[in-house]
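data-v4.tsv (TSV, C-alpha atoms and all ligand atoms)
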chain	number	residue	atom	x	y	z
X	1	MET	CA	50.97	32.18	88.16
X	2	ILE	CA	54.74	31.93	88.34
X	3	ASP	CA	55.71	28.31	88.07
X	4	LYS	CA	56.78	26.74	91.32
X	5	ASN	CA	59.81	25.18	89.60
X	6	GLU	CA	60.99	28.61	88.59
X	7	ILE	CA	60.78	29.81	92.19
X	8	MET	CA	62.58	26.73	93.42
X	9	LYS	CA	65.35	27.18	90.88
X	10	ILE	CA	65.92	30.60	92.39
X	11	ALA	CA	65.65	29.37	95.98
X	12	ASN	CA	68.00	26.46	95.37
X	13	ASP	CA	70.72	28.92	94.37
X	14	TYR	CA	70.34	30.81	97.65
X	15	ASP	CA	73.19	30.93	100.11
X	16	LYS	CA	71.39	28.96	102.80
X	17	ASP	CA	73.53	30.38	105.60
X	18	ASN	CA	72.62	33.93	104.71
X	19	VAL	CA	68.90	33.88	104.09
X	20	LYS	CA	67.12	37.11	104.95
X	21	ILE	CA	63.44	37.43	105.77
X	22	GLY	CA	61.80	40.26	103.86
X	23	ALA	CA	58.41	41.95	103.92
X	24	LEU	CA	56.66	45.08	102.79
X	25	ALA	CA	56.96	47.49	105.71
X	26	SER	CA	53.37	47.74	106.89
X	27	HIS	CA	50.53	45.62	108.34
X	28	SER	CA	52.36	42.79	110.19
X	29	ALA	CA	55.95	43.52	109.18
X	30	LEU	CA	56.97	44.25	112.77
X	31	ASP	CA	55.82	40.84	113.98
X	32	VAL	CA	57.44	39.09	111.02
X	33	ALA	CA	60.75	40.90	111.46
X	34	ASP	CA	60.78	40.45	115.22
X	35	GLY	CA	60.12	36.73	114.85
X	36	ALA	CA	62.79	36.39	112.20
X	37	ILE	CA	65.41	37.95	114.46
X	38	GLU	CA	64.41	35.61	117.25
X	39	GLU	CA	65.17	32.67	114.94
X	40	GLY	CA	68.54	34.05	113.91
X	41	PHE	CA	67.71	35.58	110.53
X	42	LYS	CA	68.63	38.98	109.16
X	43	THR	CA	65.64	41.14	108.26
X	44	VAL	CA	64.98	43.49	105.39
X	45	LEU	CA	61.88	45.65	104.98
X	46	TYR	CA	60.65	47.49	101.91
X	47	CYS	CA	59.33	50.90	102.91
X	48	GLN	CA	57.52	53.83	101.40
X	49	LYS	CA	58.95	57.28	101.94
X	50	GLY	CA	57.03	59.16	104.60
X	51	ARG	CA	56.16	56.05	106.57
X	52	GLU	CA	59.59	54.48	106.94
X	53	ARG	CA	60.79	55.84	110.25
X	54	THR	CA	59.01	53.22	112.36
X	55	TYR	CA	61.13	50.60	110.68
X	56	ALA	CA	64.27	52.45	109.59
X	57	ASN	CA	64.75	54.43	112.79
X	58	TYR	CA	62.71	53.43	115.80
X	59	PHE	CA	63.00	49.64	115.50
X	60	ARG	CA	66.33	49.57	113.69
X	61	ALA	CA	68.46	46.64	114.81
X	62	LYS	CA	71.74	47.10	116.58
X	63	ARG	CA	74.07	44.15	116.37
X	64	VAL	CA	77.13	43.58	118.53
X	65	ALA	CA	79.37	40.85	117.14
X	66	GLY	CA	76.43	39.70	115.04
X	67	LYS	CA	74.07	39.42	118.01
X	68	VAL	CA	71.01	41.68	118.10
X	69	VAL	CA	70.94	43.76	121.26
X	70	ARG	CA	68.29	46.28	120.25
X	71	GLY	CA	65.48	46.52	117.68
X	72	PHE	CA	64.91	44.04	114.89
X	73	VAL	CA	65.06	45.68	111.45
X	74	ASP	CA	68.49	45.14	109.93
X	75	GLU	CA	67.89	46.83	106.60
X	76	CYS	CA	65.34	49.10	105.02
X	77	HIS	CA	64.91	49.95	101.38
X	78	VAL	CA	62.93	53.14	101.04
X	79	TYR	CA	60.97	53.81	97.85
X	80	GLY	CA	58.92	56.77	96.71
X	81	LYS	CA	56.00	54.37	96.34
X	82	PHE	CA	55.65	50.79	97.55
X	83	SER	CA	54.97	49.71	94.00
X	84	GLU	CA	58.58	50.47	93.04
X	85	MET	CA	59.81	47.55	95.13
X	86	VAL	CA	58.74	45.05	92.47
X	87	ALA	CA	60.72	46.67	89.63
X	88	PRO	CA	62.86	43.97	87.99
X	89	GLY	CA	66.10	45.49	89.28
X	90	GLU	CA	64.76	45.52	92.83
X	91	GLN	CA	63.67	41.91	92.56
X	92	ASP	CA	67.16	41.02	91.38
X	93	LYS	CA	68.55	42.67	94.50
X	94	MET	CA	66.19	40.65	96.69
X	95	VAL	CA	67.30	37.45	95.04
X	96	ARG	CA	70.97	38.40	95.42
X	97	ASP	CA	70.19	39.07	99.08
X	98	ASN	CA	68.72	35.55	99.50
X	99	VAL	CA	65.41	37.03	100.55
X	100	ILE	CA	62.50	34.82	101.50
X	101	PHE	CA	59.53	37.15	101.26
X	102	VAL	CA	56.56	37.00	103.64
X	103	PRO	CA	53.44	38.50	102.04
X	104	ASN	CA	51.00	40.58	104.03
X	105	ARG	CA	47.76	42.40	103.19
X	106	SER	CA	49.55	45.64	102.42
X	107	PHE	CA	51.70	43.83	99.88
X	108	THR	CA	48.63	42.57	98.03
X	109	SER	CA	46.93	45.96	98.35
X	110	TYR	CA	49.78	48.15	97.11
X	111	ILE	CA	51.12	45.71	94.52
X	112	PRO	CA	48.69	44.61	91.81
X	113	LEU	CA	47.72	40.96	92.27
X	114	LYS	CA	48.66	40.22	88.66
X	115	VAL	CA	52.20	41.32	89.47
X	116	VAL	CA	52.30	39.28	92.68
X	117	GLU	CA	51.11	36.21	90.80
X	118	ASP	CA	52.97	36.49	87.52
X	119	GLU	CA	55.96	38.79	87.88
X	120	PHE	CA	57.28	38.80	91.42
X	121	ARG	CA	60.06	36.25	91.11
X	122	VAL	CA	61.12	36.22	94.74
X	123	PRO	CA	60.58	33.02	96.73
X	124	MET	CA	57.61	33.60	98.96
X	125	PHE	CA	56.68	31.85	102.17
X	126	GLY	CA	53.04	30.80	101.91
X	127	SER	CA	50.47	30.23	99.22
X	128	ARG	CA	50.87	32.68	96.37
X	129	ASN	CA	47.86	31.34	94.50
X	130	MET	CA	45.51	31.90	97.43
X	131	LEU	CA	46.15	35.60	97.95
X	132	ARG	CA	43.58	36.66	95.39
X	133	MET	CA	40.65	34.91	97.04
X	134	GLU	CA	40.39	37.46	99.81
X	135	GLU	CA	39.12	40.03	97.33
X	136	ARG	CA	35.39	39.91	97.93
X	137	SER	CA	34.72	40.91	94.34
X	138	GLU	CA	36.43	37.80	92.95
X	139	GLN	CA	34.27	35.04	91.51
X	140	GLN	CA	36.14	32.49	93.60
X	141	SER	CA	36.41	34.64	96.72
X	142	TYR	CA	36.82	33.22	100.20
X	143	TYR	CA	33.04	32.88	100.49
X	144	TRP	CA	33.16	30.46	97.57
X	145	LEU	CA	35.85	28.45	99.30
X	146	LEU	CA	34.03	28.48	102.64
X	147	GLU	CA	30.94	27.12	100.95
X	148	LYS	CA	32.91	24.38	99.21
X	149	GLY	CA	34.48	23.44	102.52
X	150	GLY	CA	31.23	23.28	104.45
X	151	LEU	CA	32.36	26.10	106.71
X	152	PRO	CA	29.86	28.44	108.38
X	153	PHE	CA	29.57	32.02	107.10
X	154	PRO	CA	26.91	34.73	107.42
X	155	GLU	CA	24.03	34.25	105.01
X	156	LYS	CA	24.13	36.43	101.90
X	157	ILE	CA	21.14	38.63	101.08
X	158	ASP	CA	20.86	39.01	97.31
X	159	ASP	CA	18.22	41.72	97.17
X	160	PRO	CA	18.21	44.64	99.62
X	161	GLU	CA	14.42	44.51	99.56
X	162	ASP	CA	14.70	41.17	101.37
X	163	ILE	CA	16.42	42.65	104.42
X	164	ASP	CA	14.38	41.39	107.36
X	165	GLU	CA	16.90	41.53	110.18
X	166	LEU	CA	20.17	43.27	110.86
X	167	VAL	CA	22.63	43.09	107.95
X	168	VAL	CA	26.02	44.57	107.21
X	169	VAL	CA	26.58	46.02	103.77
X	170	LYS	CA	30.20	45.60	102.71
X	171	LEU	CA	31.73	47.97	100.21
X	172	HIS	CA	34.76	50.21	99.77
X	173	HIS	CA	35.03	53.69	101.16
X	174	ALA	CA	34.81	56.12	98.27
X	175	GLN	CA	37.44	58.57	99.52
X	176	LYS	CA	39.70	56.58	101.82
X	177	LYS	CA	41.34	54.18	99.46
X	178	LEU	CA	41.75	50.74	101.10
X	179	GLU	CA	39.27	51.49	103.88
X	180	ARG	CA	35.70	50.35	104.36
X	181	GLY	CA	32.46	52.11	103.67
X	182	PHE	CA	30.47	49.50	105.60
X	183	PHE	CA	27.08	50.24	107.11
X	184	THR	CA	24.36	48.29	108.89
X	185	ALA	CA	20.60	48.22	108.38
X	186	SER	CA	17.73	46.15	109.69
X	187	SER	CA	15.17	46.93	106.99
X	188	TYR	CA	15.04	47.94	103.35
X	189	GLN	CA	13.81	51.34	104.45
X	190	GLU	CA	16.86	51.83	106.64
X	191	TYR	CA	19.13	50.51	103.89
X	192	LYS	CA	17.76	53.13	101.53
X	193	GLU	CA	17.97	56.00	103.98
X	194	LYS	CA	21.48	55.20	105.12
X	195	SER	CA	22.88	54.48	101.69
X	196	ASP	CA	21.40	57.73	100.36
X	197	GLN	CA	22.98	59.63	103.19
X	198	LEU	CA	26.37	57.95	102.72
X	199	VAL	CA	26.31	58.57	98.97
X	200	GLN	CA	25.48	62.20	99.64
X	201	GLN	CA	28.35	62.48	102.11
X	202	GLY	CA	30.71	60.97	99.54
X	203	VAL	CA	31.50	57.97	101.76
X	204	ILE	CA	30.24	55.42	99.21
X	205	THR	CA	29.30	55.46	95.53
X	206	ARG	CA	26.16	54.13	93.85
X	207	ASP	CA	28.31	51.83	91.71
X	208	ASP	CA	30.00	50.26	94.71
X	209	LEU	CA	26.64	49.95	96.45
X	210	ALA	CA	25.22	47.98	93.53
X	211	GLY	CA	28.08	45.46	93.83
X	212	ALA	CA	28.20	45.38	97.62
X	213	ARG	CA	27.88	42.19	99.58
X	214	ILE	CA	24.97	42.23	101.97
X	215	GLU	CA	25.10	39.62	104.69
X	216	ARG	CA	23.46	38.90	108.01
X	217	TYR	CA	25.07	40.76	110.85
X	218	ILE	CA	26.11	38.31	113.55
X	219	ILE	CA	25.38	39.84	116.90
X	220	GLY	CA	28.19	38.63	119.08
X	221	PRO	CA	31.87	39.11	119.84
X	222	VAL	CA	34.63	38.94	117.24
X	223	PHE	CA	37.36	36.31	117.42
X	224	ASN	CA	40.03	36.32	114.74
X	225	PHE	CA	41.84	33.00	114.93
X	226	ASP	CA	45.50	33.18	113.97
X	227	PHE	CA	46.36	29.69	112.79
X	228	PHE	CA	49.45	28.11	111.34
X	229	TYR	CA	49.53	25.14	109.02
X	230	SER	CA	52.85	23.33	108.94
X	231	PRO	CA	53.47	21.19	105.87
X	232	LEU	CA	56.75	20.10	107.49
X	233	GLU	CA	55.30	18.65	110.68
X	234	GLU	CA	54.97	14.89	110.51
X	235	GLU	CA	54.80	13.64	114.05
X	236	TYR	CA	52.32	16.06	115.61
X	237	GLU	CA	49.29	17.98	114.38
X	238	LYS	CA	49.95	20.14	111.34
X	239	VAL	CA	47.30	22.67	112.34
X	240	GLU	CA	48.19	25.01	115.18
X	241	LEU	CA	46.23	27.73	116.92
X	242	LEU	CA	48.73	30.47	117.78
X	243	GLY	CA	46.57	33.33	118.88
X	244	VAL	CA	43.22	35.06	118.90
X	245	ASP	CA	42.80	38.77	118.26
X	246	TRP	CA	40.07	41.30	117.72
X	247	ARG	CA	40.34	44.83	116.38
X	248	PHE	CA	39.73	48.37	117.48
X	249	GLU	CA	37.70	50.14	114.84
X	250	THR	CA	37.15	53.85	114.46
X	251	SER	CA	34.76	55.49	114.77
X	252	LEU	CA	32.61	52.52	115.83
X	253	ASP	CA	34.44	51.92	119.10
X	254	GLY	CA	34.04	55.55	120.02
X	255	HIS	CA	30.33	55.42	119.30
X	256	VAL	CA	29.75	52.48	121.62
X	257	ARG	CA	31.54	54.29	124.44
X	258	LEU	CA	29.00	57.06	124.39
X	259	PRO	CA	25.88	56.89	126.55
X	260	ALA	CA	22.82	55.98	124.47
X	261	ASP	CA	21.36	59.41	124.99
X	262	GLN	CA	24.45	61.07	123.52
X	263	GLN	CA	24.52	58.63	120.59
X	264	MET	CA	20.95	59.54	119.75
X	265	LYS	CA	21.79	63.24	119.74
X	266	LEU	CA	24.76	63.05	117.38
X	267	ASN	CA	24.09	65.13	114.32
X	268	GLU	CA	23.98	63.85	110.77
X	269	LYS	CA	27.69	64.34	110.21
X	270	GLN	CA	28.65	62.04	113.07
X	271	PHE	CA	25.67	59.75	113.30
X	272	LEU	CA	26.93	56.85	111.19
X	273	PRO	CA	30.05	55.08	112.44
X	274	GLU	CA	32.92	54.03	110.20
X	275	TYR	CA	34.78	50.74	110.56
X	276	THR	CA	38.45	51.57	110.08
X	277	VAL	CA	40.82	49.23	111.91
X	278	CYS	CA	43.27	51.18	114.05
X	279	GLY	CA	44.46	48.71	116.66
X	280	HIS	CA	44.37	45.15	118.01
X	281	ASN	CA	43.63	43.32	121.17
X	282	SER	CA	44.07	39.77	122.33
X	283	ALA	CA	41.58	37.16	123.51
X	284	THR	CA	41.08	33.54	124.37
X	285	VAL	CA	37.90	31.48	123.93
X	286	ARG	CA	36.24	29.23	126.45
X	287	GLU	CA	37.66	25.74	126.25
X	288	SER	CA	34.49	24.02	125.15
X	289	LEU	CA	34.55	26.20	122.02
X	290	LEU	CA	38.05	25.15	121.00
X	291	GLU	CA	37.09	21.85	119.34
X	292	SER	CA	35.05	23.76	116.77
X	293	VAL	CA	37.91	26.19	116.24
X	294	PHE	CA	40.26	23.37	115.29
X	295	SER	CA	37.60	21.70	113.22
X	296	MET	CA	37.09	24.90	111.19
X	297	ALA	CA	40.83	25.16	110.63
X	298	GLU	CA	41.08	21.52	109.52
X	299	LYS	CA	38.21	21.97	107.08
X	300	PHE	CA	39.79	25.10	105.71
X	301	VAL	CA	43.10	23.31	105.17
X	302	LYS	CA	41.37	20.44	103.37
X	303	VAL	CA	39.29	22.60	101.08
X	304	SER	CA	42.27	24.81	100.22
X	305	GLU	CA	44.27	21.71	99.25
X	306	ARG	CA	41.43	20.64	97.00
X	307	HIS	CA	41.03	23.93	95.17
X	308	TYR	CA	44.35	25.77	95.49
X	309	ASP	CA	47.08	23.17	95.08
X	310	PRO	CA	49.21	22.78	97.22
X	311	GLY	CA	46.81	24.50	99.64
X	312	ILE	CA	47.39	26.81	102.53
X	313	ILE	CA	50.96	27.03	103.83
X	314	GLY	CA	51.90	28.70	107.09
X	315	PRO	CA	49.84	31.44	108.72
X	316	PHE	CA	46.17	32.07	108.03
X	317	CYS	CA	43.41	33.81	109.87
X	318	LEU	CA	39.73	32.94	110.14
X	319	GLN	CA	37.81	35.98	111.31
X	320	THR	CA	34.68	34.95	113.15
X	321	CYS	CA	31.74	36.15	115.19
X	322	ILE	CA	30.01	33.90	117.71
X	323	ASP	CA	26.25	34.25	118.04
X	324	LYS	CA	24.03	33.78	121.11
X	325	ASP	CA	23.75	30.03	120.48
X	326	LEU	CA	27.54	29.75	120.36
X	327	ASN	CA	27.69	29.16	116.62
X	328	TYR	CA	30.70	30.44	114.71
X	329	TYR	CA	30.36	32.44	111.52
X	330	ILE	CA	33.43	33.19	109.41
X	331	TYR	CA	33.01	36.63	107.89
X	332	ASP	CA	36.53	37.06	106.51
X	333	VAL	CA	39.60	34.97	105.73
X	334	ALA	CA	43.24	35.94	105.46
X	335	PRO	CA	45.29	33.29	103.63
X	336	ARG	CA	48.50	34.86	105.01
X	337	VAL	CA	49.66	36.56	108.22
X	338	GLY	CA	46.55	38.01	109.84
X	339	GLY	CA	46.18	41.72	110.42
X	340	GLY	CA	46.19	41.55	114.20
X	341	THR	CA	49.27	39.51	115.01
X	342	ASN	CA	51.30	42.45	116.30
X	343	VAL	CA	49.30	41.99	119.47
X	344	HIS	CA	51.40	38.93	120.25
X	345	MET	CA	54.67	40.17	118.76
X	346	ALA	CA	57.65	39.18	120.93
X	347	VAL	CA	55.50	38.22	123.95
X	348	GLY	CA	53.72	35.45	122.07
X	349	HIS	CA	50.19	34.37	122.88
X	350	PRO	CA	48.77	31.98	125.49
X	351	TYR	CA	48.10	29.37	122.79
X	352	GLY	CA	51.32	29.73	120.79
X	353	ASN	CA	53.47	29.95	123.88
X	354	SER	CA	51.98	26.98	125.62
X	355	LEU	CA	52.30	24.91	122.47
X	356	TYR	CA	55.99	25.68	122.03
X	357	ARG	CA	57.07	26.34	125.63
X	358	ALA	CA	58.52	29.63	124.40
X	359	ASN	CA	57.26	33.01	123.24
X	360	VAL	CA	55.81	32.16	119.85
X	361	SER	CA	54.01	34.84	117.88
X	362	THR	CA	52.92	34.34	114.29
X	363	GLY	CA	56.06	36.09	113.05
X	364	ARG	CA	58.28	33.81	115.04
X	365	ARG	CA	56.36	30.73	113.96
X	366	VAL	CA	56.89	31.72	110.32
X	367	ALA	CA	60.62	32.02	110.94
X	368	MET	CA	60.69	28.69	112.78
X	369	GLU	CA	59.16	26.98	109.75
X	370	ILE	CA	61.61	28.61	107.36
X	371	ARG	CA	64.48	27.59	109.64
X	372	ARG	CA	63.22	24.01	109.66
X	373	GLY	CA	62.77	24.05	105.89
X	374	LEU	CA	66.38	25.14	105.50
X	375	GLU	CA	67.73	22.61	107.97
X	376	GLU	CA	65.78	19.70	106.53
X	377	ASP	CA	66.34	20.85	102.96
X	378	ARG	CA	62.57	21.05	102.41
X	379	LEU	CA	62.08	24.62	101.23
X	380	SER	CA	60.13	23.34	98.25
X	381	GLU	CA	57.30	22.40	100.62
X	382	ILE	CA	56.87	25.88	102.03
X	383	LEU	CA	57.80	28.30	99.24
X	384	THR	CA	55.75	29.30	96.21
C	1	LIG	N1	28.55	39.34	109.15
C	1	LIG	C1	29.06	40.10	110.09
C	1	LIG	N2	28.45	40.19	111.29
C	1	LIG	C2	28.95	40.99	112.27
C	1	LIG	N3	30.04	41.74	112.13
C	1	LIG	C3	30.68	41.70	110.95
C	1	LIG	C4	30.25	40.88	109.89
C	1	LIG	N4	31.09	41.05	108.84
C	1	LIG	C5	32.01	41.94	109.24
C	1	LIG	N5	31.79	42.33	110.51
C	1	LIG	C6	32.54	43.34	111.27
C	1	LIG	O1	33.16	44.22	110.36
C	1	LIG	C7	34.56	44.20	110.50
C	1	LIG	C8	35.25	44.14	109.15
C	1	LIG	O2	34.75	43.09	108.36
C	1	LIG	P1	35.64	42.30	107.30
C	1	LIG	O3	34.75	41.43	106.52
C	1	LIG	O4	36.75	41.63	108.00
C	1	LIG	O5	36.21	43.46	106.38
C	1	LIG	P2	37.68	43.61	105.75
C	1	LIG	O6	37.73	42.66	104.61
C	1	LIG	O7	37.74	45.03	105.36
C	1	LIG	O8	38.67	43.23	106.81
C	1	LIG	C9	34.89	43.01	111.35
C	1	LIG	O9	35.95	43.29	112.22
C	1	LIG	C10	33.61	42.73	112.10
C	1	LIG	O10	33.63	43.41	113.35
C	2	MG	MG	38.78	41.50	107.89

I'd like the structure from this file rewritten - as structure tokens, please.
Ligand SMILES: Nc1ncnc2c1ncn2[C@@H]1O[C@H](COP(=O)(O)OP(=O)(O)O)[C@@H](O)[C@H]1O
Ligand SMILES: [Mg+2]
Amino acid sequence: MIDKNEIMKIANDYDKDNVKIGALASHSALDVADGAIEEGFKTVLYCQKGRERTYANYFRAKRVAGKVVRGFVDECHVYGKFSEMVAPGEQDKMVRDNVIFVPNRSFTSYIPLKVVEDEFRVPMFGSRNMLRMEERSEQQSYYWLLEKGGLPFPEKIDDPEDIDELVVVKLHHAQKKLERGFFTASSYQEYKEKSDQLVQQGVITRDDLAGARIERYIIGPVFNFDFFYSPLEEEYEKVELLGVDWRFETSLDGHVRLPADQQMKLNEKQFLPEYTVCGHNSATVRESLLESVFSMAEKFVKVSERHYDPGIIGPFCLQTCIDKDLNYYIYDVAPRVGGGTNVHMAVGHPYGNSLYRANVSTGRRVAMEIRRGLEEDRLSEILT
């Protein structure tokens, strides 16, 4: 892990009046850039050729006398491959540009974690040392941390032969890099049949299946809680709930919109749904459930401080399902900007807005914290 002092040496040399907010141009970069503009920063996104036009063209910022009157992306650097953005020369440019980098899931997917941890010498907003724990295959994955923190998560089934009620089997898609090859089963028999079929179709591999996580499927709605932890806040609560999102997944969402009769008649090729995220929606939870939401966030903050010094900084997302007895189960954790925050980009979210009496999305909240860190000369508390 790059030493914090090394990062702070770099950050201390920054021209504090000309800090730019940077991100890899994917995932939640729109929200982050939009929020940064709202807080008076310049924005720079690192793009991959072929998928740059969203940022470089359609949301390009127009400034009149310095003031943004359209769009929100000031600068784009376009690479052949995302991975080229971390070349030493490119990092030097970022540092010369006074870039504070906001990591997202695409950054940790396209850039090897070793590089993020040991070689990417650009001051980063958030907890660099926590990014690795969202890999389910890691020894100390988020499940490990949830257990340490006494947080609720779906029970793990070690042996497929023990499947006695609905489970979800979590593994990578064999052909679509970065996507899921998840499937569900409610018995060992069904597990065998479905996995055979998926292996045959090339959706999953036997190797991945052997290492897959099998856990109880929580029958209930999904609530992804977009939190923010502010190390800089001293007078009020440090934990904030900004928003709640849930995702559109293909082809699952199409399957559930078919009448049961039609579902049953789908042929083998279309019978099993996939779970690829392709959109986001927004939600709120009933008020009596909010106490537990905050309590989960507080526990997560505490346990992350204990095991990942200095602990979580800034945005994080606890992805939950609520069962019929109103119990929460955390099935995934993002120790960074969540994947669904574009849903409250620019308009904010009922929770974030009412807390700040302004339109506060996750992206804007990140920029607010960086602004405060600059003004109070406390960047060392929020950068790693
Ligand atoms: N234990 C579970 N019970 C019910 N649904 C689940 C469970 N785990 C995952 N899911 C569903 O699968 C989707 C993806 O799961 P997740 O663990 O977040 O995968 P990824 O790491 O690829 O984001 C979620 O949006 C949720 O709908
Ligand atoms: Mg997830």

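Using all atoms listed in the file, the nearest neighbour of Gly373 (chain X) within the list X:Val68, X:Ala11, X:Val203, X:Val44 is X:Ala11.
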
Using only C-alpha atoms and all ligand atoms, which residues have at least one atom no more than 7 Å from ligand MG 2 (chain C)? Output them as a PyMOL selection string.
chain X and resi 319+332-333

Please identify every residue of chain X that has at least one atom no farther than 7 Å from an atom of ligand LIG 1 (chain C), counting only C-alpha atoms and all ligand atoms, and for each give the shortest atom pair and the distance in Å to one decimal, arranged by chain then increasing number, as a Markdown table.
| residue | atom | partner | partner_atom | distance |
| --- | --- | --- | --- | --- |
| X:Pro154 | CA | C:LIG1 | N1 | 5.2 |
| X:Val168 | CA | C:LIG1 | C1 | 6.1 |
| X:Glu179 | CA | C:LIG1 | O7 | 6.8 |
| X:Arg180 | CA | C:LIG1 | O7 | 5.8 |
| X:Glu215 | CA | C:LIG1 | N1 | 5.6 |
| X:Arg216 | CA | C:LIG1 | N1 | 5.2 |
| X:Tyr217 | CA | C:LIG1 | N2 | 3.5 |
| X:Ile218 | CA | C:LIG1 | N2 | 3.8 |
| X:Ile219 | CA | C:LIG1 | C2 | 6.0 |
| X:Val222 | CA | C:LIG1 | O10 | 6.0 |
| X:Arg247 | CA | C:LIG1 | O9 | 6.2 |
| X:Tyr275 | CA | C:LIG1 | C7 | 6.5 |
| X:Gln319 | CA | C:LIG1 | O4 | 6.6 |
| X:Cys321 | CA | C:LIG1 | C2 | 6.3 |
| X:Tyr331 | CA | C:LIG1 | N4 | 4.9 |
| X:Asp332 | CA | C:LIG1 | O3 | 4.7 |

Residues as selected, C-alpha atoms, written as a PDB file, keeping the file's coordinate frame, can you do that?
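out08.pdb written:
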ATOM      1  CA  PRO X 154      26.910  34.730 107.420  1.00  0.00           C
ATOM      2  CA  VAL X 168      26.020  44.570 107.210  1.00  0.00           C
ATOM      3  CA  GLU X 179      39.270  51.490 103.880  1.00  0.00           C
ATOM      4  CA  ARG X 180      35.700  50.350 104.360  1.00  0.00           C
ATOM      5  CA  GLU X 215      25.100  39.620 104.690  1.00  0.00           C
ATOM      6  CA  ARG X 216      23.460  38.900 108.010  1.00  0.00           C
ATOM      7  CA  TYR X 217      25.070  40.760 110.850  1.00  0.00           C
ATOM      8  CA  ILE X 218      26.110  38.310 113.550  1.00  0.00           C
ATOM      9  CA  ILE X 219      25.380  39.840 116.900  1.00  0.00           C
ATOM     10  CA  VAL X 222      34.630  38.940 117.240  1.00  0.00           C
ATOM     11  CA  ARG X 247      40.340  44.830 116.380  1.00  0.00           C
ATOM     12  CA  TYR X 275      34.780  50.740 110.560  1.00  0.00           C
ATOM     13  CA  GLN X 319      37.810  35.980 111.310  1.00  0.00           C
ATOM     14  CA  CYS X 321      31.740  36.150 115.190  1.00  0.00           C
ATOM     15  CA  TYR X 331      33.010  36.630 107.890  1.00  0.00           C
ATOM     16  CA  ASP X 332      36.530  37.060 106.510  1.00  0.00           C
TER      17      ASP X 332
END

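Atom pair CA of Ala358 (chain X) / CA of Ala65 (chain X): separated by 24.8 Å.
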
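Proximity of X:Ala33, X:Leu258, X:Leu145, X:Val99 to Asp74 (chain X), computed with all atoms listed in the file, is greatest for X:Ala33.
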
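Between Gly338 (chain X) and the residues X:Arg105, X:Lys93, X:Arg136, X:Lys324, the shortest atom-to-atom distance, using all atoms listed in the file, involves X:Arg105.
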
Using only C-alpha atoms, pick whichever of X:Asn57, X:Ser141, X:Ala87, X:Glu38 has the shortest atom-to-atom distance to Val69 (chain X).
X:Glu38

Excluding same-chain residues fewer than 6 positions from region 308-315 of chain X, what lies within 6 Å of it counting all atoms listed in the file, as a list in words?
Gly126, Ser127, Phe227, Phe228, Tyr229, Ser230, Arg336 and Val337 of chain X

Same residues, C-alpha atoms, output as a PDB file, keeping the file's coordinate frame:
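As written to disk, result.pdb reads:
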ATOM      1  CA  GLY X 126      53.040  30.800 101.910  1.00  0.00           C
ATOM      2  CA  SER X 127      50.470  30.230  99.220  1.00  0.00           C
ATOM      3  CA  PHE X 227      46.360  29.690 112.790  1.00  0.00           C
ATOM      4  CA  PHE X 228      49.450  28.110 111.340  1.00  0.00           C
ATOM      5  CA  TYR X 229      49.530  25.140 109.020  1.00  0.00           C
ATOM      6  CA  SER X 230      52.850  23.330 108.940  1.00  0.00           C
ATOM      7  CA  ARG X 336      48.500  34.860 105.010  1.00  0.00           C
ATOM      8  CA  VAL X 337      49.660  36.560 108.220  1.00  0.00           C
TER       9      VAL X 337
END

For CA of Ile10 (chain X) and CA of Cys76 (chain X), determine how far apart the two atoms are, in Å to one decimal place.
22.4 Å

Selection: 9 Å around Ile157 (chain X), all atoms listed in the file, excl. self and same-chain fewer than 5 positions, as a PDB file with C-alpha atoms, in the coordinates of the input:
ATOM      1  CA  ASP X 162      14.700  41.170 101.370  1.00  0.00           C
ATOM      2  CA  ILE X 163      16.420  42.650 104.420  1.00  0.00           C
ATOM      3  CA  VAL X 167      22.630  43.090 107.950  1.00  0.00           C
ATOM      4  CA  ARG X 213      27.880  42.190  99.580  1.00  0.00           C
ATOM      5  CA  ILE X 214      24.970  42.230 101.970  1.00  0.00           C
ATOM      6  CA  GLU X 215      25.100  39.620 104.690  1.00  0.00           C
ATOM      7  CA  ARG X 216      23.460  38.900 108.010  1.00  0.00           C
TER       8      ARG X 216
END

If we draw a sphere of 6 Å around (68.3, 47.0, 111.8), which residues have at least one atom in it when counting only C-alpha atoms? Please report them as an NGL selection string.
:X and (60-62 or 72-75)
